[in-house]
file work_6.txt (compact mmCIF, C-alpha atoms)
# COMPACT_ATOMS: atom_id res chain seq x y z
CA MET A 1 0.00 0.00 0.00
CA ARG A 2 1.30 3.46 -0.91
CA ALA A 3 1.51 6.14 1.75
CA TYR A 4 -1.17 8.35 0.19
CA GLU A 5 -3.67 5.48 0.33
CA ARG A 6 -3.06 5.20 4.06
CA LEU A 7 -3.48 8.97 4.42
CA ILE A 8 -6.91 8.81 2.78
CA LYS A 9 -7.93 6.03 5.16
CA TYR A 10 -6.68 7.87 8.26
CA ALA A 11 -8.04 11.26 7.14
CA ARG A 12 -11.61 9.99 7.34
CA ILE A 13 -11.24 9.31 11.07
CA HIS A 14 -12.12 12.36 13.14
CA THR A 15 -9.28 13.10 15.57
CA ALA A 16 -9.35 16.86 16.24
CA SER A 17 -7.91 17.80 19.61
CA ARG A 18 -9.40 20.49 21.88
CA ASP A 19 -7.69 23.46 23.47
CA GLY A 20 -8.04 23.90 27.21
CA ALA A 21 -8.89 20.29 28.08
CA GLU A 22 -7.45 18.93 31.31
CA GLN A 23 -7.30 15.27 30.26
CA THR A 24 -5.08 13.52 27.71
CA PRO A 25 -6.18 12.92 25.07
CA SER A 26 -8.23 16.09 24.96
CA THR A 27 -10.84 14.34 22.80
CA ALA A 28 -11.94 10.70 23.02
CA CYS A 29 -12.11 10.39 19.22
CA GLN A 30 -8.31 10.24 19.09
CA PHE A 31 -8.54 6.71 20.50
CA ASP A 32 -10.29 5.63 17.28
CA LEU A 33 -7.14 6.17 15.25
CA SER A 34 -4.71 5.02 17.96
CA ARG A 35 -6.53 1.67 18.22
CA LEU A 36 -6.55 1.28 14.44
CA LEU A 37 -2.82 1.99 14.25
CA ALA A 38 -2.02 -0.46 17.03
CA GLY A 39 -3.95 -3.14 15.14
CA GLU A 40 -2.18 -2.38 11.86
CA MET A 41 1.20 -2.51 13.57
CA ARG A 42 0.47 -5.98 14.92
CA GLU A 43 -0.84 -7.19 11.56
CA MET A 44 2.29 -6.08 9.69
CA GLY A 45 4.54 -7.81 12.23
CA MET A 46 5.82 -5.03 14.47
CA GLU A 47 6.68 -6.14 18.00
CA SER A 48 5.86 -4.97 21.55
CA VAL A 49 2.97 -2.89 20.22
CA HIS A 50 1.35 -0.94 23.02
CA GLU A 51 -1.49 1.57 23.19
CA ASP A 52 -1.68 3.27 26.56
CA GLU A 53 -4.51 4.94 28.46
CA ASN A 54 -3.63 8.35 26.99
CA ALA A 55 -3.79 7.20 23.33
CA TYR A 56 -0.02 7.01 22.79
CA VAL A 57 0.83 4.12 20.45
CA TYR A 58 4.24 2.41 20.47
CA GLY A 59 5.66 -0.18 18.10
CA PHE A 60 9.10 -1.65 17.47
CA LEU A 61 11.21 -3.37 14.84
CA PRO A 62 14.06 -5.31 16.48
CA ALA A 63 17.40 -5.02 14.69
CA SER A 64 18.39 -7.32 11.87
CA GLU A 65 20.81 -10.06 12.84
CA GLY A 66 24.22 -8.55 13.53
CA MET A 67 22.84 -4.99 13.80
CA GLU A 68 21.74 -5.18 17.44
CA GLN A 69 24.44 -2.76 18.64
CA LYS A 70 23.46 0.04 16.27
CA PRO A 71 21.73 3.09 17.80
CA CYS A 72 17.94 2.86 18.05
CA VAL A 73 16.30 5.45 15.81
CA GLY A 74 12.78 6.64 16.57
CA PHE A 75 10.10 7.99 14.23
CA ILE A 76 7.26 10.04 15.70
CA ALA A 77 4.07 11.61 14.33
CA HIS A 78 0.85 12.83 15.91
CA ILE A 79 -2.66 11.49 15.55
CA ASP A 80 -4.64 14.65 16.34
CA THR A 81 -5.62 17.32 13.84
CA ALA A 82 -5.84 21.03 14.56
CA PRO A 83 -8.92 22.36 16.35
CA ASP A 84 -8.69 25.56 14.25
CA PHE A 85 -10.98 24.25 11.48
CA ASN A 86 -13.47 21.45 10.96
CA GLY A 87 -11.75 18.05 11.03
CA ASP A 88 -14.89 15.90 10.86
CA LYS A 89 -16.40 14.16 7.84
CA VAL A 90 -13.23 14.71 5.80
CA LYS A 91 -13.69 13.84 2.13
CA PRO A 92 -10.25 13.58 0.51
CA ARG A 93 -10.14 14.20 -3.22
CA VAL A 94 -7.49 12.52 -5.38
CA ILE A 95 -6.65 14.26 -8.67
CA GLU A 96 -4.45 12.12 -10.88
CA ASN A 97 -2.33 13.81 -13.56
CA TYR A 98 -3.10 17.22 -12.06
CA ASP A 99 -2.96 19.94 -14.74
CA GLY A 100 -1.29 22.59 -12.56
CA GLY A 101 -4.27 24.93 -12.64
CA GLU A 102 -6.92 26.17 -10.23
CA VAL A 103 -8.89 23.53 -8.35
CA LYS A 104 -12.40 24.31 -7.14
CA LEU A 105 -12.95 22.72 -3.73
CA GLY A 106 -16.38 21.13 -4.03
CA ARG A 107 -19.31 23.45 -3.43
CA SER A 108 -17.55 25.41 -0.71
CA GLY A 109 -16.81 28.41 -2.93
CA ARG A 110 -13.11 27.96 -2.15
CA SER A 111 -10.38 27.21 -4.68
CA LEU A 112 -6.77 26.08 -4.64
CA SER A 113 -4.90 28.59 -6.75
CA PRO A 114 -1.27 28.38 -7.96
CA GLU A 115 -1.07 32.16 -7.42
CA GLN A 116 -1.82 31.69 -3.73
CA PHE A 117 -0.01 28.36 -3.36
CA PRO A 118 2.99 28.44 -5.75
CA GLU A 119 4.10 24.87 -4.94
CA LEU A 120 1.12 23.65 -6.99
CA ALA A 121 3.08 24.43 -10.16
CA ASP A 122 5.54 21.67 -9.19
CA PHE A 123 2.69 19.17 -8.84
CA LYS A 124 1.70 19.34 -12.51
CA GLY A 125 1.42 15.84 -13.99
CA ARG A 126 1.42 14.25 -10.55
CA THR A 127 -1.26 13.13 -8.09
CA LEU A 128 -2.74 15.94 -5.98
CA ILE A 129 -4.73 15.23 -2.83
CA CYS A 130 -6.95 17.96 -1.38
CA THR A 131 -10.34 18.41 0.32
CA ASP A 132 -13.83 19.46 -0.71
CA GLY A 133 -13.27 22.79 1.04
CA GLU A 134 -15.55 21.97 3.96
CA SER A 135 -12.84 20.50 6.22
CA LEU A 136 -9.12 20.29 6.62
CA LEU A 137 -7.40 17.27 5.13
CA GLY A 138 -5.48 16.12 8.19
CA ALA A 139 -2.15 15.61 6.42
CA ASP A 140 -0.86 17.37 9.53
CA ASP A 141 0.00 14.84 10.70
CA LYS A 142 -1.73 11.81 9.29
CA ALA A 143 0.63 12.05 6.31
CA GLY A 144 3.53 11.59 8.73
CA ILE A 145 1.82 8.57 10.26
CA ALA A 146 1.13 7.08 6.82
CA GLU A 147 4.74 7.58 5.74
CA ILE A 148 6.17 5.97 8.87
CA MET A 149 3.78 3.02 8.63
CA THR A 150 4.55 2.51 4.94
CA ALA A 151 8.30 2.61 5.62
CA CYS A 152 7.95 0.02 8.40
CA GLU A 153 5.89 -2.23 6.15
CA LYS A 154 8.57 -2.04 3.43
CA ILE A 155 11.32 -2.88 5.91
CA ILE A 156 9.38 -5.96 7.05
CA ASP A 157 8.15 -7.15 3.65
CA GLU A 158 11.41 -6.58 1.82
CA LYS A 159 13.55 -7.77 4.75
CA LEU A 160 15.69 -4.63 4.57
CA PRO A 161 18.67 -4.61 6.97
CA HIS A 162 18.18 -2.23 9.86
CA GLY A 163 19.20 -1.38 13.38
CA PRO A 164 16.62 -1.08 16.18
CA ILE A 165 13.62 1.07 15.19
CA ALA A 166 11.08 2.58 17.58
CA VAL A 167 7.82 4.23 16.51
CA CYS A 168 5.44 6.38 18.52
CA PHE A 169 2.24 8.17 17.55
CA THR A 170 1.15 10.86 19.99
CA PRO A 171 -2.11 12.65 20.83
CA ASP A 172 -2.65 16.38 21.36
CA GLU A 173 0.40 17.75 19.56
CA GLU A 174 -1.74 20.58 18.20
CA THR A 175 -2.54 21.75 21.72
CA GLY A 176 1.10 21.62 22.83
CA HIS A 177 0.84 18.47 24.96
CA GLY A 178 1.90 15.77 22.48
CA ALA A 179 5.25 14.92 24.03
CA ALA A 180 4.31 15.52 27.65
CA LEU A 181 3.38 11.93 28.49
CA LEU A 182 5.51 10.10 25.96
CA ASP A 183 7.28 7.29 27.83
CA ARG A 184 10.93 7.70 26.87
CA LYS A 185 11.90 4.48 28.59
CA ARG A 186 9.29 2.48 26.68
CA LEU A 187 10.29 4.12 23.39
CA GLY A 188 13.96 3.40 24.02
CA ALA A 189 15.24 5.47 21.09
CA ASP A 190 18.72 6.97 21.17
CA PHE A 191 17.55 9.78 18.89
CA ALA A 192 14.45 10.36 16.79
CA PHE A 193 12.77 12.32 14.03
CA THR A 194 9.28 13.76 13.96
CA ILE A 195 7.68 13.54 10.51
CA ASP A 196 5.55 16.65 10.81
CA GLY A 197 6.81 19.32 8.42
CA GLU A 198 5.85 20.65 5.01
CA ALA A 199 8.20 20.40 1.98
CA VAL A 200 9.53 16.86 1.69
CA ASN A 201 13.15 18.01 1.38
CA GLU A 202 12.96 20.23 4.45
CA ILE A 203 14.82 19.52 7.69
CA ASN A 204 13.96 21.52 10.80
CA TYR A 205 16.11 21.73 13.89
CA GLU A 206 15.08 25.20 15.03
CA THR A 207 11.68 26.08 16.43
CA PHE A 208 10.08 29.06 18.06
CA ASN A 209 10.23 29.69 21.76
CA ALA A 210 6.55 29.73 22.63
CA ALA A 211 4.17 31.07 25.26
CA SER A 212 0.48 31.84 25.58
CA ALA A 213 -0.81 35.09 27.05
CA HIS A 214 -4.28 35.46 28.52
CA TRP A 215 -5.78 38.80 29.55
CA GLU A 216 -8.76 39.32 31.84
CA VAL A 217 -10.06 42.90 31.81
CA LYS A 218 -12.51 44.20 34.40
CA GLY A 219 -14.59 47.26 33.59
CA LEU A 220 -16.93 49.52 35.53
CA ASN A 221 -20.41 49.70 34.03
CA VAL A 222 -22.66 52.66 34.80
CA HIS A 223 -25.42 54.42 32.89
CA PRO A 224 -23.80 56.01 29.82
CA GLY A 225 -25.66 59.24 30.46
CA SER A 226 -23.74 59.81 33.69
CA ALA A 227 -20.58 57.91 32.86
CA LYS A 228 -18.10 60.79 32.67
CA ASP A 229 -14.95 60.07 34.69
CA THR A 230 -16.58 56.91 36.05
CA MET A 231 -17.18 54.29 33.34
CA ILE A 232 -14.37 51.93 32.36
CA ASN A 233 -15.36 50.07 29.21
CA ALA A 234 -13.57 46.71 29.39
CA ALA A 235 -13.97 46.06 25.67
CA LEU A 236 -12.32 49.38 24.84
CA VAL A 237 -9.52 48.69 27.32
CA ALA A 238 -8.95 45.36 25.57
CA MET A 239 -8.67 47.20 22.26
CA GLU A 240 -6.21 49.60 23.88
CA ILE A 241 -4.08 46.68 25.06
CA ASN A 242 -3.90 45.30 21.53
CA ALA A 243 -3.09 48.74 20.13
CA MET A 244 -0.06 48.97 22.44
CA LEU A 245 1.54 45.98 20.69
CA PRO A 246 3.70 46.56 17.57
CA ALA A 247 1.34 46.47 14.60
CA GLY A 248 3.86 44.76 12.32
CA ASP A 249 4.63 41.90 14.72
CA VAL A 250 1.78 39.66 13.59
CA PRO A 251 1.90 36.37 11.66
CA GLY A 252 0.64 37.96 8.44
CA ARG A 253 3.59 40.35 8.31
CA THR A 254 6.48 38.22 9.58
CA GLU A 255 8.59 35.39 8.17
CA GLY A 256 11.76 33.38 8.79
CA TYR A 257 13.24 34.17 12.17
CA GLU A 258 10.84 37.05 12.88
CA GLY A 259 8.64 36.57 15.94
CA PHE A 260 5.11 37.78 16.58
CA PHE A 261 2.15 38.36 18.89
CA HIS A 262 -0.88 36.51 17.53
CA LEU A 263 -4.35 37.40 18.80
CA THR A 264 -6.27 34.13 18.62
CA ASP A 265 -9.47 34.93 20.49
CA MET A 266 -11.28 37.90 22.01
CA LYS A 267 -14.59 38.60 23.69
CA GLY A 268 -15.86 41.57 25.57
CA SER A 269 -18.53 43.82 26.97
CA VAL A 270 -18.47 47.01 29.01
CA GLU A 271 -18.12 44.99 32.19
CA ARG A 272 -15.63 42.26 31.19
CA ALA A 273 -13.32 41.38 28.33
CA ALA A 274 -10.74 38.71 27.54
CA LEU A 275 -7.92 38.42 25.03
CA ASP A 276 -5.82 35.36 24.11
CA TYR A 277 -2.49 35.53 22.32
CA ILE A 278 0.24 33.17 21.33
CA VAL A 279 3.72 34.68 21.60
CA ARG A 280 6.55 33.38 19.43
CA ASP A 281 10.23 34.14 18.79
CA HIS A 282 13.27 32.09 17.80
CA ASP A 283 15.74 34.19 19.78
CA GLU A 284 15.64 33.66 23.55
CA HIS A 285 16.41 37.30 24.35
CA SER A 286 13.77 38.60 21.94
CA PHE A 287 11.29 36.11 23.35
CA LEU A 288 11.92 37.41 26.86
CA ALA A 289 11.54 40.98 25.59
CA ARG A 290 8.14 40.11 24.11
CA LYS A 291 6.92 38.74 27.42
CA ASN A 292 8.28 41.80 29.21
CA THR A 293 6.42 44.04 26.73
CA LEU A 294 3.17 42.35 27.75
CA ARG A 295 3.97 42.80 31.43
CA HIS A 296 4.74 46.47 30.84
CA ILE A 297 1.39 46.95 29.12
CA GLU A 298 -0.32 45.35 32.12
CA LYS A 299 1.47 47.82 34.41
CA CYS A 300 0.51 50.82 32.25
CA ILE A 301 -3.15 49.82 32.02
CA ASN A 302 -3.46 49.33 35.77
CA GLU A 303 -1.73 52.64 36.45
CA LYS A 304 -4.18 54.38 34.12
CA TYR A 305 -7.46 52.69 35.13
CA GLY A 306 -6.74 51.32 38.60
CA PRO A 307 -5.20 48.17 40.11
CA GLY A 308 -6.78 44.91 38.94
CA THR A 309 -8.26 46.35 35.75
CA ALA A 310 -6.06 44.07 33.64
CA VAL A 311 -4.74 40.70 34.78
CA LEU A 312 -2.18 39.02 32.52
CA THR A 313 -1.30 35.32 32.69
CA ILE A 314 1.71 34.14 30.65
CA SER A 315 2.30 30.40 30.26
CA ASP A 316 5.48 29.06 28.64
CA GLU A 317 4.84 26.21 26.19
CA TYR A 318 8.08 25.05 24.54
CA ARG A 319 11.60 26.23 23.76
CA ASN A 320 13.75 26.39 20.63
CA MET A 321 15.12 22.88 20.12
CA ALA A 322 18.23 24.29 18.42
CA LEU A 323 19.73 24.77 21.88
CA PRO A 324 20.23 21.05 22.69
CA LEU A 325 20.67 20.01 19.04
CA LYS A 326 23.52 22.38 18.18
CA GLU A 327 25.95 20.06 19.98
CA HIS A 328 24.73 17.01 18.04
CA MET A 329 24.53 18.11 14.41
CA ASP A 330 25.50 14.60 13.26
CA ILE A 331 21.81 13.74 13.55
CA VAL A 332 20.93 16.59 11.18
CA ALA A 333 23.76 15.45 8.87
CA LEU A 334 22.18 11.98 8.74
CA ALA A 335 18.89 13.53 7.64
CA LYS A 336 20.60 15.69 5.01
CA SER A 337 22.34 12.65 3.56
CA ALA A 338 19.01 10.78 3.44
CA VAL A 339 17.35 13.63 1.54
CA GLU A 340 20.25 13.82 -0.92
CA LYS A 341 20.12 10.07 -1.48
CA ALA A 342 16.46 10.51 -2.46
CA GLY A 343 17.61 12.87 -5.23
CA LEU A 344 16.56 16.08 -3.50
CA ARG A 345 18.41 19.15 -2.24
CA PRO A 346 18.07 19.36 1.54
CA VAL A 347 16.77 22.66 2.87
CA THR A 348 17.11 23.60 6.52
CA ALA A 349 14.55 26.12 7.70
CA PRO A 350 13.34 27.31 11.09
CA VAL A 351 9.93 25.98 12.09
CA ARG A 352 7.53 28.86 12.53
CA GLY A 353 5.77 26.81 15.17
CA GLY A 354 6.70 23.83 17.28
CA THR A 355 6.81 20.07 17.09
CA ASP A 356 6.78 17.25 19.62
CA GLY A 357 10.51 17.19 18.94
CA ALA A 358 10.97 20.54 20.68
CA GLN A 359 9.76 19.19 24.01
CA LEU A 360 11.46 15.83 23.52
CA SER A 361 14.82 17.42 22.73
CA PHE A 362 14.72 19.19 26.09
CA ARG A 363 13.74 15.91 27.73
CA GLY A 364 16.93 14.33 26.40
CA LEU A 365 15.65 12.73 23.18
CA LEU A 366 17.18 14.76 20.36
CA CYS A 367 14.53 14.99 17.68
CA PRO A 368 14.75 17.11 14.49
CA ASN A 369 11.74 17.38 12.21
CA LEU A 370 11.29 16.14 8.61
CA GLY A 371 8.78 17.13 5.94
CA THR A 372 5.66 15.21 4.99
CA GLY A 373 5.12 16.87 1.62
CA GLY A 374 1.97 18.66 2.80
CA TYR A 375 1.05 22.34 2.60
CA ALA A 376 -1.49 24.87 3.94
CA PHE A 377 -2.07 22.94 7.15
CA HIS A 378 -4.90 23.72 9.58
CA GLY A 379 -7.49 24.76 7.04
CA PRO A 380 -9.60 23.87 3.99
CA PHE A 381 -6.76 24.56 1.52
CA GLU A 382 -4.57 21.76 2.86
CA HIS A 383 -3.03 19.68 0.07
CA ILE A 384 -0.30 17.15 -0.57
CA CYS A 385 1.27 15.29 -3.49
CA ALA A 386 1.22 11.47 -3.51
CA GLU A 387 4.65 11.28 -5.13
CA ASP A 388 6.15 13.50 -2.41
CA MET A 389 4.73 11.13 0.17
CA ASP A 390 6.60 8.33 -1.63
CA ARG A 391 9.76 10.44 -1.36
CA ALA A 392 9.16 10.93 2.37
CA VAL A 393 9.00 7.14 2.77
CA GLU A 394 12.26 6.85 0.82
CA ILE A 395 13.92 9.42 3.10
CA ILE A 396 12.86 7.46 6.20
CA LEU A 397 14.34 4.29 4.67
CA ASN A 398 17.53 6.18 3.81
CA ILE A 399 17.85 7.29 7.44
CA VAL A 400 17.45 3.67 8.55
CA SER A 401 20.12 2.45 6.13
CA GLY A 402 22.40 5.42 6.90
CA ASN A 403 22.17 4.58 10.59
CA LEU A 404 23.98 1.28 9.90
CA ARG A 405 27.27 2.99 8.99
call {"tool": "encode", "arguments": {"input": "work_6.txt", "output": "structure tokens"}}
result
Amino acid sequence: MRAYERLIKYARIHTASRDGAEQTPSTACQFDLSRLLAGEMREMGMESVHEDENAYVYGFLPASEGMEQKPCVGFIAHIDTAPDFNGDKVKPRVIENYDGGEVKLGRSGRSLSPEQFPELADFKGRTLICTDGESLLGADDKAGIAEIMTACEKIIDEKLPHGPIAVCFTPDEETGHGAALLDRKRLGADFAFTIDGEAVNEINYETFNAASAHWEVKGLNVHPGSAKDTMINAALVAMEINAMLPAGDVPGRTEGYEGFFHLTDMKGSVERAALDYIVRDHDEHSFLARKNTLRHIEKCINEKYGPGTAVLTISDEYRNMALPLKEHMDIVALAKSAVEKAGLRPVTAPVRGGTDGAQLSFRGLLCPNLGTGGYAFHGPFEHICAEDMDRAVEIILNIVSGNLR
């Protein structure tokens, strides 16, 4: 079975996670895919397959004879899809011999356009997979799962020589909790790769430093006719808070190593308002400066309107995994060699987000990220090329064979 066929199968299983949940997984539907994957692992002949009470799935390929002393390499992907957009009733569409032009996404009124998504030009003559525009596709990260599973099946069926291989599929990566309960001892990998990126030739070993920022604003509501010097409109104060942030430091105006403040949710009335941001920066010092900017705004607002008007809560989420990886670039070199062996030019780029590998690298499991071949994640324009998924499988196999040297 080719990797894209697995993706289509997995994409139809609803696995969206949920922000703010206290339990893991955040949604019970994630068990549906974790159970399926555990069953498939057993059927293909993987060993010590285990699905735990939090929907983590583990599977192993013991080393070929004579390769037992080679380092154990891990491959990790996540089963949940982003809660940002509808992930239910996904209807993948397969377009063979794609003509390189605009694709209307069902009856949604949305279209995939090469002007908006330039990588589509490279897909001409190949097999494009997209949605009907009513849901995301779920290639983030069911493509990564499909590619890992396909690679493992090839290793078993074709009896390819290999050192020890460990696989883990995690829940709740999209909510920042994917690596939190991963059992490193059970996994047993000496190093690992997440398969959770975009372009298939991309290798990521730098991520954002990340935090969330939540504001609670308390107003004072009186009759507007006699409100002079008395009323404090919480909704207007919330707007004032946002206006005190640098207008250009938003996702839509930043790229590369540039950080941002991203307003993700807001609600408000005269009496109460709330704002939620995610805060991102690759540089540790700039990241700290961003958090200090928020704290300074809190101070200014409370000095202007009175103590307790604005209450800011900042929660750190993950750190830039370049810090632990910079002393172990041989792992990145292994990935680069694997991409080159697949006939591609490796590109290293900072992740403008995070992966399970960021948390795991700080827990002692060094874990760069590799591409799946998918684009436009987290929304109805998500798309991927079947042939790039085949390349991703090849890159995984090249890492396995390269690990024998």
call {"tool": "closest_residue", "arguments": {"input": "work_6.txt", "among": "A:Gly176, A:Pro346, A:Pro380, A:Gly373", "to": "Ser212 of chain A", "atoms": "all atoms listed in the file"}}
result
A:Gly176
call {"tool": "closest_residue", "arguments": {"input": "work_6.txt", "among": "A:Ala342, A:Leu323, A:Leu236, A:Ile384", "to": "His282 of chain A", "atoms": "all atoms listed in the file"}}
result
A:Leu323
call {"tool": "atom_distance", "arguments": {"input": "work_6.txt", "atom1": "atom CA of Met266 of chain A", "atom2": "atom CA of Lys89 of chain A"}}
result
28.1 Å
call {"tool": "residues_around", "arguments": {"input": "work_6.txt", "residues": "segment 196-207 of chain A", "least_positions_apart": "2", "cutoff": "8 Å", "atoms": "only C-alpha atoms", "output": "number ranges by chain"}}
result
A: 77-78, 140-141, 144, 194, 209, 282, 319-322, 325, 332, 335-336, 339, 344-355, 358, 367-375, 388-389, 391-392
call {"tool": "write_last_selection", "arguments": {"input": "work_6.txt", "atoms": "C-alpha atoms", "output": "PDB file, in the frame of the given file"}}
result
ATOM      1  CA  ALA A  77       4.070  11.610  14.330  1.00  0.00           C
ATOM      2  CA  HIS A  78       0.850  12.830  15.910  1.00  0.00           C
ATOM      3  CA  ASP A 140      -0.860  17.370   9.530  1.00  0.00           C
ATOM      4  CA  ASP A 141       0.000  14.840  10.700  1.00  0.00           C
ATOM      5  CA  GLY A 144       3.530  11.590   8.730  1.00  0.00           C
ATOM      6  CA  THR A 194       9.280  13.760  13.960  1.00  0.00           C
ATOM      7  CA  ASN A 209      10.230  29.690  21.760  1.00  0.00           C
ATOM      8  CA  HIS A 282      13.270  32.090  17.800  1.00  0.00           C
ATOM      9  CA  ARG A 319      11.600  26.230  23.760  1.00  0.00           C
ATOM     10  CA  ASN A 320      13.750  26.390  20.630  1.00  0.00           C
ATOM     11  CA  MET A 321      15.120  22.880  20.120  1.00  0.00           C
ATOM     12  CA  ALA A 322      18.230  24.290  18.420  1.00  0.00           C
ATOM     13  CA  LEU A 325      20.670  20.010  19.040  1.00  0.00           C
ATOM     14  CA  VAL A 332      20.930  16.590  11.180  1.00  0.00           C
ATOM     15  CA  ALA A 335      18.890  13.530   7.640  1.00  0.00           C
ATOM     16  CA  LYS A 336      20.600  15.690   5.010  1.00  0.00           C
ATOM     17  CA  VAL A 339      17.350  13.630   1.540  1.00  0.00           C
ATOM     18  CA  LEU A 344      16.560  16.080  -3.500  1.00  0.00           C
ATOM     19  CA  ARG A 345      18.410  19.150  -2.240  1.00  0.00           C
ATOM     20  CA  PRO A 346      18.070  19.360   1.540  1.00  0.00           C
ATOM     21  CA  VAL A 347      16.770  22.660   2.870  1.00  0.00           C
ATOM     22  CA  THR A 348      17.110  23.600   6.520  1.00  0.00           C
ATOM     23  CA  ALA A 349      14.550  26.120   7.700  1.00  0.00           C
ATOM     24  CA  PRO A 350      13.340  27.310  11.090  1.00  0.00           C
ATOM     25  CA  VAL A 351       9.930  25.980  12.090  1.00  0.00           C
ATOM     26  CA  ARG A 352       7.530  28.860  12.530  1.00  0.00           C
ATOM     27  CA  GLY A 353       5.770  26.810  15.170  1.00  0.00           C
ATOM     28  CA  GLY A 354       6.700  23.830  17.280  1.00  0.00           C
ATOM     29  CA  THR A 355       6.810  20.070  17.090  1.00  0.00           C
ATOM     30  CA  ALA A 358      10.970  20.540  20.680  1.00  0.00           C
ATOM     31  CA  CYS A 367      14.530  14.990  17.680  1.00  0.00           C
ATOM     32  CA  PRO A 368      14.750  17.110  14.490  1.00  0.00           C
ATOM     33  CA  ASN A 369      11.740  17.380  12.210  1.00  0.00           C
ATOM     34  CA  LEU A 370      11.290  16.140   8.610  1.00  0.00           C
ATOM     35  CA  GLY A 371       8.780  17.130   5.940  1.00  0.00           C
ATOM     36  CA  THR A 372       5.660  15.210   4.990  1.00  0.00           C
ATOM     37  CA  GLY A 373       5.120  16.870   1.620  1.00  0.00           C
ATOM     38  CA  GLY A 374       1.970  18.660   2.800  1.00  0.00           C
ATOM     39  CA  TYR A 375       1.050  22.340   2.600  1.00  0.00           C
ATOM     40  CA  ASP A 388       6.150  13.500  -2.410  1.00  0.00           C
ATOM     41  CA  MET A 389       4.730  11.130   0.170  1.00  0.00           C
ATOM     42  CA  ARG A 391       9.760  10.440  -1.360  1.00  0.00           C
ATOM     43  CA  ALA A 392       9.160  10.930   2.370  1.00  0.00           C
TER      44      ALA A 392
END
call {"tool": "atom_distance", "arguments": {"input": "work_6.txt", "atom1": "atom CA of Val270 of chain A", "atom2": "atom CA of Glu216 of chain A"}}
result
12.7 Å
call {"tool": "closest_residue", "arguments": {"input": "work_6.txt", "among": "A:Ala310, A:Cys385, A:Ile156, A:Ile395", "to": "Asn97 of chain A", "atoms": "all atoms listed in the file"}}
result
A:Cys385
call {"tool": "residues_around", "arguments": {"input": "work_6.txt", "residues": "segment 9-16 of chain A", "least_positions_apart": "3", "cutoff": "9 Å", "atoms": "all atoms listed in the file", "output": "PyMOL selection string"}}
result
chain A and resi 4-6+26-33+79-92+137-139+142-143+145-146+171-172+174
call {"tool": "closest_residue", "arguments": {"input": "work_6.txt", "among": "A:Glu317, A:Glu134, A:Asp157, A:Asp265", "to": "Gly109 of chain A", "atoms": "all atoms listed in the file"}}
result
A:Glu134
call {"tool": "residues_around", "arguments": {"input": "work_6.txt", "residues": "Leu120 of chain A", "least_positions_apart": "4", "cutoff": "10 Å", "atoms": "all atoms listed in the file", "output": "ChimeraX atom specification"}}
result
/A:98-102,112-116,124,128,375,383-385
call {"tool": "write_last_selection", "arguments": {"input": "work_6.txt", "atoms": "C-alpha atoms", "output": "mmCIF file, in the coordinates of the input"}}
result
data_model
loop_
_atom_site.group_PDB
_atom_site.id
_atom_site.type_symbol
_atom_site.label_atom_id
_atom_site.label_comp_id
_atom_site.auth_asym_id
_atom_site.auth_seq_id
_atom_site.Cartn_x
_atom_site.Cartn_y
_atom_site.Cartn_z
ATOM 1 C CA TYR A 98 -3.100 17.220 -12.060
ATOM 2 C CA ASP A 99 -2.960 19.940 -14.740
ATOM 3 C CA GLY A 100 -1.290 22.590 -12.560
ATOM 4 C CA GLY A 101 -4.270 24.930 -12.640
ATOM 5 C CA GLU A 102 -6.920 26.170 -10.230
ATOM 6 C CA LEU A 112 -6.770 26.080 -4.640
ATOM 7 C CA SER A 113 -4.900 28.590 -6.750
ATOM 8 C CA PRO A 114 -1.270 28.380 -7.960
ATOM 9 C CA GLU A 115 -1.070 32.160 -7.420
ATOM 10 C CA GLN A 116 -1.820 31.690 -3.730
ATOM 11 C CA LYS A 124 1.700 19.340 -12.510
ATOM 12 C CA LEU A 128 -2.740 15.940 -5.980
ATOM 13 C CA TYR A 375 1.050 22.340 2.600
ATOM 14 C CA HIS A 383 -3.030 19.680 0.070
ATOM 15 C CA ILE A 384 -0.300 17.150 -0.570
ATOM 16 C CA CYS A 385 1.270 15.290 -3.490
#
call {"tool": "closest_residue", "arguments": {"input": "work_6.txt", "among": "A:Ile165, A:Ile232, A:Val311, A:Ile278", "to": "Met67 of chain A", "atoms": "all atoms listed in the file"}}
result
A:Ile165
call {"tool": "atom_distance", "arguments": {"input": "work_6.txt", "atom1": "atom CA of Gly125 of chain A", "atom2": "atom CA of Glu96 of chain A"}}
result
7.6 Å
call {"tool": "closest_residue", "arguments": {"input": "work_6.txt", "among": "A:His214, A:Ala386, A:Asn398, A:Asp190", "to": "Ile95 of chain A", "atoms": "all atoms listed in the file"}}
result
A:Ala386
call {"tool": "axis_aligned_box", "arguments": {"input": "work_6.txt", "around": "segment 195-198 of chain A", "padding_each_side": "5 Å", "output": "lines of an AutoDock Vina configuration file"}}
result
center_x = 6.6
center_y = 17.1
center_z = 7.9
size_x = 12.1
size_y = 17.1
size_z = 15.8
call {"tool": "residues_around", "arguments": {"input": "work_6.txt", "residues": "Ile155 of chain A", "least_positions_apart": "2", "cutoff": "12 Å", "atoms": "only C-alpha atoms", "output": "MDAnalysis selection string"}}
result
chainID A and resid 44:46 60:64 148:153 157:165 393:394 396:398 400:401
call {"tool": "residues_around", "arguments": {"input": "work_6.txt", "residues": "Gly188 of chain A", "least_positions_apart": "4", "cutoff": "9 Å", "atoms": "all atoms listed in the file", "output": "NGL selection string"}}
result
:A and (72-74 or 166 or 183-184)
call {"tool": "write_last_selection", "arguments": {"input": "work_6.txt", "atoms": "C-alpha atoms", "output": "compact mmCIF listing (two decimals), in the coordinates of the input"}}
result
# COMPACT_ATOMS: atom_id res chain seq x y z
CA CYS A 72 17.94 2.86 18.05
CA VAL A 73 16.30 5.45 15.81
CA GLY A 74 12.78 6.64 16.57
CA ALA A 166 11.08 2.58 17.58
CA ASP A 183 7.28 7.29 27.83
CA ARG A 184 10.93 7.70 26.87
